[in-house]
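Source file: final.cif (mmCIF, C-alpha atoms)
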```
data_final
loop_
_atom_site.group_PDB
_atom_site.id
_atom_site.type_symbol
_atom_site.label_atom_id
_atom_site.label_comp_id
_atom_site.auth_asym_id
_atom_site.auth_seq_id
_atom_site.Cartn_x
_atom_site.Cartn_y
_atom_site.Cartn_z
ATOM 1 C CA MET A 1453 2.124 -21.840 -15.999
ATOM 2 C CA THR A 1454 4.043 -19.458 -18.272
ATOM 3 C CA ALA A 1455 1.048 -19.117 -20.645
ATOM 4 C CA TYR A 1456 -1.278 -18.473 -17.703
ATOM 5 C CA LEU A 1457 0.977 -15.766 -16.263
ATOM 6 C CA ALA A 1458 1.451 -14.193 -19.715
ATOM 7 C CA ARG A 1459 -2.330 -13.948 -20.132
ATOM 8 C CA ARG A 1460 -2.690 -12.371 -16.706
ATOM 9 C CA LEU A 1461 0.119 -9.906 -17.424
ATOM 10 C CA GLY A 1462 -1.585 -8.822 -20.667
ATOM 11 C CA TYR A 1463 -4.869 -8.423 -18.811
ATOM 12 C CA TYR A 1464 -3.202 -6.235 -16.160
ATOM 13 C CA ALA A 1465 -1.512 -4.089 -18.821
ATOM 14 C CA VAL A 1466 -4.896 -3.292 -20.414
ATOM 15 C CA LEU A 1467 -6.409 -2.685 -16.987
ATOM 16 C CA LEU A 1468 -3.591 -0.270 -16.124
ATOM 17 C CA VAL A 1469 -4.239 1.839 -19.232
ATOM 18 C CA VAL A 1470 -7.970 1.977 -18.463
ATOM 19 C CA ALA A 1471 -7.342 2.847 -14.793
ATOM 20 C CA VAL A 1472 -4.911 5.648 -15.646
ATOM 21 C CA ALA A 1473 -7.256 7.094 -18.304
ATOM 22 C CA LEU A 1474 -10.157 7.090 -15.844
ATOM 23 C CA SER A 1475 -7.951 8.711 -13.190
ATOM 24 C CA TYR A 1476 -7.012 11.494 -15.599
ATOM 25 C CA VAL A 1477 -10.623 12.103 -16.644
ATOM 26 C CA LEU A 1478 -11.927 12.140 -13.074
ATOM 27 C CA ALA A 1479 -9.091 14.373 -11.824
ATOM 28 C CA SER A 1480 -9.624 16.801 -14.704
ATOM 29 C CA LEU A 1481 -13.358 16.990 -14.067
ATOM 30 C CA ALA A 1482 -13.159 17.206 -10.264
ATOM 31 C CA LEU A 1483 -10.198 19.578 -9.815
ATOM 32 C CA ASP A 1484 -10.046 23.252 -10.772
ATOM 33 C CA PRO A 1485 -6.447 24.399 -11.436
ATOM 34 C CA ARG A 1486 -7.691 27.946 -12.082
ATOM 35 C CA ALA A 1487 -8.603 28.214 -8.387
ATOM 36 C CA TYR A 1488 -4.912 27.808 -7.508
ATOM 37 C CA PHE A 1489 -4.012 30.941 -9.483
ATOM 38 C CA ALA A 1490 -7.094 32.816 -8.215
ATOM 39 C CA ASP A 1491 -5.734 32.450 -4.655
ATOM 40 C CA ARG A 1492 -2.461 34.224 -5.555
ATOM 41 C CA ARG A 1493 -1.845 37.832 -4.588
ATOM 42 C CA PRO A 1494 -1.810 39.770 -6.808
ATOM 43 C CA VAL A 1495 -4.167 37.703 -8.951
ATOM 44 C CA PRO A 1496 -2.548 37.029 -12.382
ATOM 45 C CA PRO A 1497 -4.396 38.366 -15.453
ATOM 46 C CA PRO A 1498 -6.658 35.819 -17.246
ATOM 47 C CA GLY A 1499 -4.393 35.739 -20.301
ATOM 48 C CA ALA A 1500 -1.369 34.789 -18.192
ATOM 49 C CA VAL A 1501 -3.368 32.103 -16.364
ATOM 50 C CA ASN A 1502 -4.546 30.602 -19.664
ATOM 51 C CA ALA A 1503 -1.008 30.579 -21.042
ATOM 52 C CA GLN A 1504 0.364 28.919 -17.887
ATOM 53 C CA LEU A 1505 -2.410 26.287 -17.785
ATOM 54 C CA THR A 1506 -1.851 25.520 -21.474
ATOM 55 C CA ALA A 1507 1.877 25.096 -20.894
ATOM 56 C CA LEU A 1508 1.108 22.728 -17.980
ATOM 57 C CA GLY A 1509 -1.495 20.766 -19.980
ATOM 58 C CA MET A 1510 -4.273 21.667 -17.524
ATOM 59 C CA ASN A 1511 -6.224 24.290 -19.487
ATOM 60 C CA ASP A 1512 -9.908 23.356 -19.228
ATOM 61 C CA HIS A 1513 -10.586 25.462 -22.347
ATOM 62 C CA SER A 1514 -8.928 22.677 -24.344
ATOM 63 C CA ALA A 1515 -10.863 19.488 -25.114
ATOM 64 C CA LEU A 1516 -10.403 16.818 -22.440
ATOM 65 C CA VAL A 1517 -9.554 14.145 -25.004
ATOM 66 C CA VAL A 1518 -6.786 16.370 -26.396
ATOM 67 C CA ARG A 1519 -5.290 16.873 -22.942
ATOM 68 C CA LEU A 1520 -5.554 13.143 -22.232
ATOM 69 C CA TRP A 1521 -3.834 12.246 -25.512
ATOM 70 C CA HIS A 1522 -1.069 14.791 -24.858
ATOM 71 C CA TRP A 1523 -0.513 13.360 -21.372
ATOM 72 C CA PHE A 1524 -0.373 9.762 -22.604
ATOM 73 C CA ALA A 1525 2.033 10.745 -25.403
ATOM 74 C CA GLY A 1526 4.376 12.232 -22.811
ATOM 75 C CA ALA A 1527 3.925 9.358 -20.346
ATOM 76 C CA LEU A 1528 5.028 6.851 -23.011
ATOM 77 C CA HIS A 1529 8.376 8.694 -23.080
ATOM 78 C CA GLY A 1530 8.625 8.922 -19.279
ATOM 79 C CA ASP A 1531 7.359 12.515 -19.061
ATOM 80 C CA LEU A 1532 4.397 12.792 -16.668
ATOM 81 C CA GLY A 1533 4.015 16.536 -17.239
ATOM 82 C CA ARG A 1534 4.589 19.506 -14.942
ATOM 83 C CA THR A 1535 3.198 20.212 -11.500
ATOM 84 C CA ILE A 1536 1.067 23.286 -10.985
ATOM 85 C CA ASP A 1537 4.216 24.923 -9.525
ATOM 86 C CA ASP A 1538 5.931 24.228 -12.895
ATOM 87 C CA THR A 1539 8.328 21.525 -11.681
ATOM 88 C CA SER A 1540 8.787 18.068 -13.152
ATOM 89 C CA VAL A 1541 6.174 15.511 -12.005
ATOM 90 C CA SER A 1542 8.525 12.647 -12.930
ATOM 91 C CA ALA A 1543 11.309 14.074 -10.745
ATOM 92 C CA GLU A 1544 8.937 14.572 -7.784
ATOM 93 C CA LEU A 1545 7.543 11.063 -8.277
ATOM 94 C CA GLY A 1546 11.041 9.597 -8.247
ATOM 95 C CA ARG A 1547 11.928 11.493 -5.053
ATOM 96 C CA ARG A 1548 8.873 10.296 -3.141
ATOM 97 C CA LEU A 1549 8.646 6.793 -4.609
ATOM 98 C CA GLY A 1550 11.450 5.318 -2.515
ATOM 99 C CA VAL A 1551 10.029 6.797 0.696
ATOM 100 C CA SER A 1552 6.606 5.186 0.220
ATOM 101 C CA LEU A 1553 7.979 1.855 -0.996
ATOM 102 C CA ARG A 1554 10.294 1.526 2.009
ATOM 103 C CA LEU A 1555 7.334 2.100 4.292
ATOM 104 C CA LEU A 1556 4.846 -0.095 2.428
ATOM 105 C CA ILE A 1557 7.118 -3.053 1.672
ATOM 106 C CA VAL A 1558 8.464 -3.503 5.194
ATOM 107 C CA GLY A 1559 5.065 -3.030 6.865
ATOM 108 C CA THR A 1560 3.212 -5.215 4.363
ATOM 109 C CA VAL A 1561 5.676 -8.110 4.405
ATOM 110 C CA LEU A 1562 5.847 -8.185 8.202
ATOM 111 C CA GLY A 1563 2.078 -7.836 8.585
ATOM 112 C CA THR A 1564 1.354 -10.527 5.996
ATOM 113 C CA VAL A 1565 3.746 -13.099 7.465
ATOM 114 C CA ILE A 1566 2.571 -12.474 11.026
ATOM 115 C CA GLY A 1567 -1.094 -12.500 9.948
ATOM 116 C CA ILE A 1568 -0.809 -15.828 8.094
ATOM 117 C CA LEU A 1569 1.081 -17.514 10.925
ATOM 118 C CA ALA A 1570 -1.303 -16.141 13.575
ATOM 119 C CA GLY A 1571 -4.372 -17.174 11.561
ATOM 120 C CA ALA A 1572 -3.125 -20.724 11.011
ATOM 121 C CA TRP A 1573 -1.999 -21.028 14.640
ATOM 122 C CA THR A 1574 -5.332 -19.878 16.079
ATOM 123 C CA ALA A 1575 -7.312 -22.109 13.687
ATOM 124 C CA VAL A 1576 -5.729 -25.286 15.050
ATOM 125 C CA ARG A 1577 -6.419 -23.958 18.574
ATOM 126 C CA GLN A 1578 -10.020 -22.972 17.939
ATOM 127 C CA TYR A 1579 -11.880 -21.665 21.026
ATOM 128 C CA ARG A 1580 -8.833 -22.070 23.259
ATOM 129 C CA PRO A 1581 -7.718 -19.050 25.354
ATOM 130 C CA SER A 1582 -4.923 -18.283 22.865
ATOM 131 C CA ASP A 1583 -7.445 -18.221 19.987
ATOM 132 C CA ARG A 1584 -9.781 -15.913 21.901
ATOM 133 C CA ALA A 1585 -6.907 -13.608 22.905
ATOM 134 C CA VAL A 1586 -5.657 -13.232 19.314
ATOM 135 C CA THR A 1587 -9.238 -12.725 18.101
ATOM 136 C CA LEU A 1588 -9.823 -9.973 20.668
ATOM 137 C CA VAL A 1589 -6.596 -8.152 19.783
ATOM 138 C CA SER A 1590 -7.366 -8.463 16.054
ATOM 139 C CA PHE A 1591 -10.850 -7.000 16.401
ATOM 140 C CA VAL A 1592 -9.536 -4.129 18.525
ATOM 141 C CA LEU A 1593 -6.913 -3.290 15.889
ATOM 142 C CA LEU A 1594 -9.427 -3.573 13.045
ATOM 143 C CA SER A 1595 -11.892 -1.298 14.828
ATOM 144 C CA LEU A 1596 -9.299 1.467 15.224
ATOM 145 C CA PRO A 1597 -8.976 3.930 12.330
ATOM 146 C CA THR A 1598 -5.420 4.005 10.968
ATOM 147 C CA PHE A 1599 -4.836 7.624 11.961
ATOM 148 C CA LEU A 1600 -5.977 6.912 15.539
ATOM 149 C CA LEU A 1601 -3.660 3.890 15.831
ATOM 150 C CA ALA A 1602 -0.768 6.013 14.524
ATOM 151 C CA VAL A 1603 -1.489 8.767 17.051
ATOM 152 C CA LEU A 1604 -1.690 6.227 19.904
ATOM 153 C CA LEU A 1605 1.663 4.731 18.867
ATOM 154 C CA LYS A 1606 3.156 8.214 18.764
ATOM 155 C CA ILE A 1607 1.864 9.042 22.246
ATOM 156 C CA GLY A 1608 3.183 5.722 23.547
ATOM 157 C CA ALA A 1609 6.644 6.439 22.085
ATOM 158 C CA ILE A 1610 6.705 9.904 23.678
ATOM 159 C CA LYS A 1611 5.834 8.469 27.098
ATOM 160 C CA LEU A 1612 8.387 5.647 26.713
ATOM 161 C CA ASN A 1613 11.138 8.091 25.756
ATOM 162 C CA ALA A 1614 10.219 10.306 28.716
ATOM 163 C CA ALA A 1615 10.288 7.323 31.106
ATOM 164 C CA LEU A 1616 13.685 6.166 29.795
ATOM 165 C CA GLY A 1617 15.102 9.686 29.701
ATOM 166 C CA THR A 1618 16.338 9.271 26.118
ATOM 167 C CA ASP A 1619 15.017 9.471 22.557
ATOM 168 C CA LEU A 1620 15.045 5.724 22.001
ATOM 169 C CA ILE A 1621 12.191 5.738 19.440
ATOM 170 C CA GLN A 1622 11.903 8.486 16.830
ATOM 171 C CA PHE A 1623 8.436 9.437 15.654
ATOM 172 C CA THR A 1624 9.042 12.242 13.129
ATOM 173 C CA GLY A 1625 10.724 12.005 9.755
ATOM 174 C CA GLU A 1626 12.585 9.249 7.951
ATOM 175 C CA LYS A 1627 16.079 9.984 9.244
ATOM 176 C CA ASP A 1628 18.137 12.349 11.374
ATOM 177 C CA PRO A 1629 19.463 15.053 8.977
ATOM 178 C CA ASP A 1630 22.331 15.864 11.386
ATOM 179 C CA LEU A 1631 23.419 12.251 11.862
ATOM 180 C CA GLN A 1632 27.131 11.605 11.924
ATOM 181 C CA GLY A 1633 28.618 8.135 11.956
ATOM 182 C CA GLY A 1634 29.256 5.051 9.900
ATOM 183 C CA PHE A 1635 27.078 2.380 8.338
ATOM 184 C CA LEU A 1636 25.828 0.918 11.629
ATOM 185 C CA ALA A 1637 24.807 4.371 12.893
ATOM 186 C CA ILE A 1638 22.836 4.953 9.676
ATOM 187 C CA VAL A 1639 21.109 1.558 9.944
ATOM 188 C CA ARG A 1640 20.180 2.205 13.574
ATOM 189 C CA ASP A 1641 18.900 5.687 12.779
ATOM 190 C CA ARG A 1642 16.717 4.412 9.911
ATOM 191 C CA GLY A 1643 15.441 1.570 12.105
ATOM 192 C CA VAL A 1644 14.300 3.762 14.999
ATOM 193 C CA HIS A 1645 12.553 6.107 12.556
ATOM 194 C CA LEU A 1646 10.916 3.213 10.679
ATOM 195 C CA LEU A 1647 9.642 1.359 13.758
ATOM 196 C CA LEU A 1648 6.405 3.233 14.486
ATOM 197 C CA PRO A 1649 5.222 3.749 10.874
ATOM 198 C CA THR A 1650 5.897 0.056 10.206
ATOM 199 C CA LEU A 1651 3.907 -0.928 13.281
ATOM 200 C CA SER A 1652 1.043 1.332 12.188
ATOM 201 C CA ILE A 1653 0.769 -0.487 8.849
ATOM 202 C CA GLY A 1654 1.903 -3.945 9.941
ATOM 203 C CA LEU A 1655 -0.456 -4.333 12.919
ATOM 204 C CA VAL A 1656 -3.578 -3.580 10.862
ATOM 205 C CA THR A 1657 -2.346 -5.836 8.057
ATOM 206 C CA ALA A 1658 -1.627 -8.705 10.437
ATOM 207 C CA ALA A 1659 -5.016 -8.339 12.149
ATOM 208 C CA SER A 1660 -6.888 -8.399 8.842
ATOM 209 C CA TYR A 1661 -4.983 -11.293 7.271
ATOM 210 C CA SER A 1662 -5.104 -13.375 10.457
ATOM 211 C CA ARG A 1663 -8.929 -13.331 10.390
ATOM 212 C CA TYR A 1664 -9.103 -14.496 6.780
ATOM 213 C CA GLN A 1665 -6.338 -17.063 7.234
ATOM 214 C CA ARG A 1666 -8.055 -18.477 10.329
ATOM 215 C CA ASN A 1667 -11.320 -18.970 8.422
ATOM 216 C CA THR A 1668 -9.709 -20.563 5.367
ATOM 217 C CA MET A 1669 -7.644 -22.827 7.628
ATOM 218 C CA LEU A 1670 -10.751 -23.949 9.533
ATOM 219 C CA ASP A 1671 -12.356 -24.947 6.226
ATOM 220 C CA VAL A 1672 -9.579 -27.429 5.450
ATOM 221 C CA LEU A 1673 -8.955 -28.905 8.917
ATOM 222 C CA GLY A 1674 -11.619 -31.595 8.461
ATOM 223 C CA ALA A 1675 -10.793 -32.322 4.803
ATOM 224 C CA ASP A 1676 -10.434 -35.921 3.614
ATOM 225 C CA TYR A 1677 -6.960 -35.353 2.180
ATOM 226 C CA LEU A 1678 -5.667 -34.379 5.635
ATOM 227 C CA ARG A 1679 -7.055 -37.606 7.124
ATOM 228 C CA THR A 1680 -5.484 -39.520 4.243
ATOM 229 C CA ALA A 1681 -2.143 -37.866 4.889
ATOM 230 C CA ARG A 1682 -2.359 -38.781 8.568
ATOM 231 C CA ALA A 1683 -3.323 -42.383 7.639
ATOM 232 C CA LYS A 1684 -0.166 -42.596 5.514
ATOM 233 C CA GLY A 1685 1.940 -41.863 8.582
ATOM 234 C CA LEU A 1686 2.398 -38.089 8.553
ATOM 235 C CA SER A 1687 2.271 -36.352 11.912
ATOM 236 C CA ARG A 1688 -0.501 -33.803 12.461
ATOM 237 C CA ARG A 1689 1.968 -30.915 12.268
ATOM 238 C CA ALA A 1690 3.509 -32.216 9.020
ATOM 239 C CA ALA A 1691 0.073 -32.847 7.433
ATOM 240 C CA LEU A 1692 -1.119 -29.359 8.336
ATOM 241 C CA LEU A 1693 2.000 -27.619 7.069
ATOM 242 C CA ARG A 1694 2.427 -29.699 3.902
ATOM 243 C CA HIS A 1695 -1.214 -29.964 2.811
ATOM 244 C CA GLY A 1696 -3.556 -27.872 5.009
ATOM 245 C CA LEU A 1697 -1.703 -24.555 5.052
ATOM 246 C CA ARG A 1698 -0.928 -24.777 1.317
ATOM 247 C CA THR A 1699 -4.593 -25.261 0.417
ATOM 248 C CA ALA A 1700 -5.738 -22.533 2.823
ATOM 249 C CA LEU A 1701 -3.347 -20.046 1.221
ATOM 250 C CA ILE A 1702 -5.001 -20.338 -2.232
ATOM 251 C CA PRO A 1703 -8.011 -18.058 -1.480
ATOM 252 C CA MET A 1704 -5.694 -15.761 0.507
ATOM 253 C CA SER A 1705 -3.575 -15.109 -2.594
ATOM 254 C CA THR A 1706 -6.533 -13.309 -4.213
ATOM 255 C CA TYR A 1707 -7.191 -11.263 -1.094
ATOM 256 C CA PHE A 1708 -3.590 -9.981 -1.049
ATOM 257 C CA SER A 1709 -4.029 -7.943 -4.244
ATOM 258 C CA TYR A 1710 -7.334 -6.363 -3.237
ATOM 259 C CA GLY A 1711 -6.094 -5.558 0.244
ATOM 260 C CA PHE A 1712 -3.106 -3.590 -1.012
ATOM 261 C CA LEU A 1713 -5.161 -0.554 -2.032
ATOM 262 C CA ALA A 1714 -6.499 -0.278 1.524
ATOM 263 C CA LEU A 1715 -2.905 -0.433 2.748
ATOM 264 C CA PHE A 1716 -1.945 2.447 0.459
ATOM 265 C CA THR A 1717 -4.838 4.517 1.821
ATOM 266 C CA GLY A 1718 -3.765 3.762 5.380
ATOM 267 C CA ALA A 1719 -0.173 4.636 4.500
ATOM 268 C CA THR A 1720 -1.346 8.116 3.489
ATOM 269 C CA PHE A 1721 -2.388 8.893 7.071
ATOM 270 C CA THR A 1722 0.739 7.189 8.411
ATOM 271 C CA GLU A 1723 3.035 9.352 6.263
ATOM 272 C CA ILE A 1724 1.315 12.572 7.318
ATOM 273 C CA ILE A 1725 1.265 11.750 11.037
ATOM 274 C CA PHE A 1726 4.894 10.570 11.172
ATOM 275 C CA GLY A 1727 6.253 13.233 8.813
ATOM 276 C CA TRP A 1728 7.291 10.945 5.949
ATOM 277 C CA HIS A 1729 7.346 12.859 2.666
ATOM 278 C CA GLY A 1730 5.995 10.087 0.458
ATOM 279 C CA MET A 1731 3.262 9.570 -2.110
ATOM 280 C CA GLY A 1732 0.374 9.832 0.346
ATOM 281 C CA GLU A 1733 1.461 13.237 1.627
ATOM 282 C CA TRP A 1734 1.995 14.366 -1.983
ATOM 283 C CA LEU A 1735 -1.534 13.261 -2.943
ATOM 284 C CA VAL A 1736 -3.111 15.368 -0.181
ATOM 285 C CA GLU A 1737 -1.004 18.406 -1.109
ATOM 286 C CA SER A 1738 -1.828 17.977 -4.826
ATOM 287 C CA ILE A 1739 -5.578 17.776 -4.233
ATOM 288 C CA ASP A 1740 -5.365 20.914 -2.077
ATOM 289 C CA LYS A 1741 -3.589 22.740 -4.956
ATOM 290 C CA ASN A 1742 -5.933 21.325 -7.661
ATOM 291 C CA ASP A 1743 -2.829 19.884 -9.340
ATOM 292 C CA VAL A 1744 -4.238 17.479 -11.954
ATOM 293 C CA ASN A 1745 -0.931 16.059 -13.242
ATOM 294 C CA SER A 1746 0.380 15.243 -9.751
ATOM 295 C CA VAL A 1747 -2.883 13.581 -8.695
ATOM 296 C CA VAL A 1748 -2.798 11.438 -11.841
ATOM 297 C CA ALA A 1749 0.832 10.517 -11.133
ATOM 298 C CA VAL A 1750 -0.041 9.300 -7.622
ATOM 299 C CA SER A 1751 -3.086 7.432 -8.986
ATOM 300 C CA THR A 1752 -0.836 5.776 -11.586
ATOM 301 C CA PHE A 1753 1.576 4.709 -8.858
ATOM 302 C CA ALA A 1754 -1.307 3.217 -6.828
ATOM 303 C CA ALA A 1755 -2.649 1.394 -9.894
ATOM 304 C CA VAL A 1756 0.780 -0.036 -10.723
ATOM 305 C CA VAL A 1757 1.327 -1.224 -7.154
ATOM 306 C CA VAL A 1758 -2.135 -2.830 -6.915
ATOM 307 C CA LEU A 1759 -1.843 -4.564 -10.281
ATOM 308 C CA LEU A 1760 1.718 -5.687 -9.509
ATOM 309 C CA SER A 1761 0.519 -7.170 -6.227
ATOM 310 C CA GLY A 1762 -2.287 -8.846 -8.184
ATOM 311 C CA PHE A 1763 0.272 -10.391 -10.543
ATOM 312 C CA LEU A 1764 2.370 -11.619 -7.611
ATOM 313 C CA ALA A 1765 -0.825 -13.123 -6.159
ATOM 314 C CA ASP A 1766 -1.361 -14.921 -9.475
ATOM 315 C CA VAL A 1767 2.181 -16.302 -9.323
ATOM 316 C CA LEU A 1768 1.526 -17.537 -5.775
ATOM 317 C CA HIS A 1769 -1.840 -18.986 -6.835
ATOM 318 C CA ALA A 1770 -0.245 -20.847 -9.745
ATOM 319 C CA ALA A 1771 2.510 -22.180 -7.506
ATOM 320 C CA LEU A 1772 0.009 -23.447 -4.907
ATOM 321 C CA ASP A 1773 -2.737 -24.779 -7.193
ATOM 322 C CA PRO A 1774 -1.668 -27.030 -10.114
ATOM 323 C CA ARG A 1775 -5.118 -26.713 -11.718
ATOM 324 C CA VAL A 1776 -4.529 -23.120 -12.895
ATOM 325 C CA ARG A 1777 -1.313 -24.112 -14.710
ATOM 326 C CA ALA A 1778 -3.224 -26.172 -17.270
#
```

In structure tokens, what does this structure look like?
Amino acid sequence: MTAYLARRLGYYAVLLVVAVALSYVLASLALDPRAYFADRRPVPPPGAVNAQLTALGMNDHSALVVRLWHWFAGALHGDLGRTIDDTSVSAELGRRLGVSLRLLIVGTVLGTVIGILAGAWTAVRQYRPSDRAVTLVSFVLLSLPTFLLAVLLKIGAIKLNAALGTDLIQFTGEKDPDLQGGFLAIVRDRGVHLLLPTLSIGLVTAASYSRYQRNTMLDVLGADYLRTARAKGLSRRAALLRHGLRTALIPMSTYFSYGFLALFTGATFTEIIFGWHGMGEWLVESIDKNDVNSVVAVSTFAAVVVLLSGFLADVLHAALDPRVRA
């Protein structure tokens, strides 16, 4: 198992370098940092613009391969360059990283667990009213764009707060900047701010994973090894949990890694709508400013998260399927 995971880790390391290089090339070709300075009033002289772009590593008069090499040389030492406003990209990345991870981790873990349990539960109750009800809710959630679901949750929170006559659920920002109180007050404040963004990500995640888990679970319900387990005296519940669910999770482990990129895209809308100043909001602002270095930094973060989730999926796959450990 160790050799298998080491091979996968090496493969992901190479893939990360390729993904980051492609991100830099595409961002450099698609974005025009000169347009950012052209929009300033008064417009800076061309010589000053060239000098500033050279200092930032974004001067398109330099060869692209030279700029790429310079960026990689800095990235190896933890320096991701300067933003187009001449601030540190690494410092901005560090400030927004925790915000996005808090949102993504909580929403993804909750959505994944609920989706797997709901999928397995509805599979063993195929075509019963509970199965049809969960299927209907899942399809409704999957048909809603993420931004629309977030707006509906926000409207629902506003109406609930108005009906209760208090601000029970917060729908803007990550925390109350004027909060005063101890540890419990801080935990409560973070919880009421995190509730709606987590629901926005978690509900879509749960709906998606429940559909896949239901299908993979249905494939194993009639398997011979389940009948053998029952013949050896295991109850139906024990046979399903010990053998059926474990086998059905193997194809799901691959889907986890590929589904994470879609989650990151959905989190971008969630951050903007709920006023969370994370990586998604930064990406939109950077594209609007034609800030190459910041766009590459966000792309690098997305690549690292996707490949890390792929590695965790490999660990889960190896733990569930003894054949891949050979």

Pull out every residue that the PyMOL selection byres ((chain A and resi 1453) around 12) matches in the shown coordinates and put them as a list in words.
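Going through the file, the PyMOL selection byres ((chain A and resi 1453) around 12) ends up selecting Thr1454, Ala1455, Tyr1456, Leu1457, Ala1458, Arg1459, Arg1460, Asp1766, Val1767, Leu1768, His1769, Ala1770, Ala1771, Leu1772, Asp1773, Pro1774, Arg1775, Val1776, Arg1777 and Ala1778 of chain A.
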
Give me the residues within 9 Å of stretch 1603-1606 of chain A as a PyMOL selection string, counting all atoms listed in the file and dropping any in the same chain fewer than 6 places off.
chain A and resi 1622-1623+1648-1649+1651-1652+1725-1726

What's around A:His1529 at 12 Å? Count all atoms listed in the file, leave out sequence neighbours fewer than 6 positions away in its own chain, and write the answer as a compact mmCIF listing (two decimals) with C-alpha atoms, in the frame of the given file.
```
# COMPACT_ATOMS: atom_id res chain seq x y z
CA HIS A 1522 -1.07 14.79 -24.86
CA TRP A 1523 -0.51 13.36 -21.37
CA SER A 1542 8.52 12.65 -12.93
```

Inset, instruction - Go through the shown structure with the PyMOL selection byres ((chain A and resi 1658) around 10) and write out the matching residues as a ChimeraX atom specification. - result: /A:1559-1571,1590,1593-1594,1651,1653-1657,1659-1663

Restricting to only C-alpha atoms, whichever of A:Ala1614, A:Met1704, A:Leu1481, A:Ala1543 is closest to A:Asp1743 is A:Leu1481

My list of candidates is A:Leu1478, A:Asp1628, A:Glu1544, A:Arg1698. Which is closest to A:Gly1643 when distances are computed with all atoms listed in the file?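 When distances to A:Gly1643 are compared using all atoms listed in the file, the smallest one comes from A:Asp1628.
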
TODO: May I ask which of the residues A:Val1469, A:Ala1585, A:Val1576, A:Ala1754 is the closest one to A:Arg1688, counting all atoms listed in the file?
DONE: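 With all atoms listed in the file as the atom set, the closest residue is A:Val1576.
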
Point to revise | Protein, DNA and RNA residues within 12 Å of (-14.5, 23.2, -12.7), all atoms listed in the file, as a list in words | key: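 Neighbouring residues, ordered by chain and number, come to Leu1478, Ala1479, Ser1480, Leu1481, Ala1482, Leu1483, Asp1484, Pro1485, Arg1486, Ala1487, Tyr1488, Met1510, Asn1511, Asp1512, His1513, Asn1742 and Val1744 of chain A.
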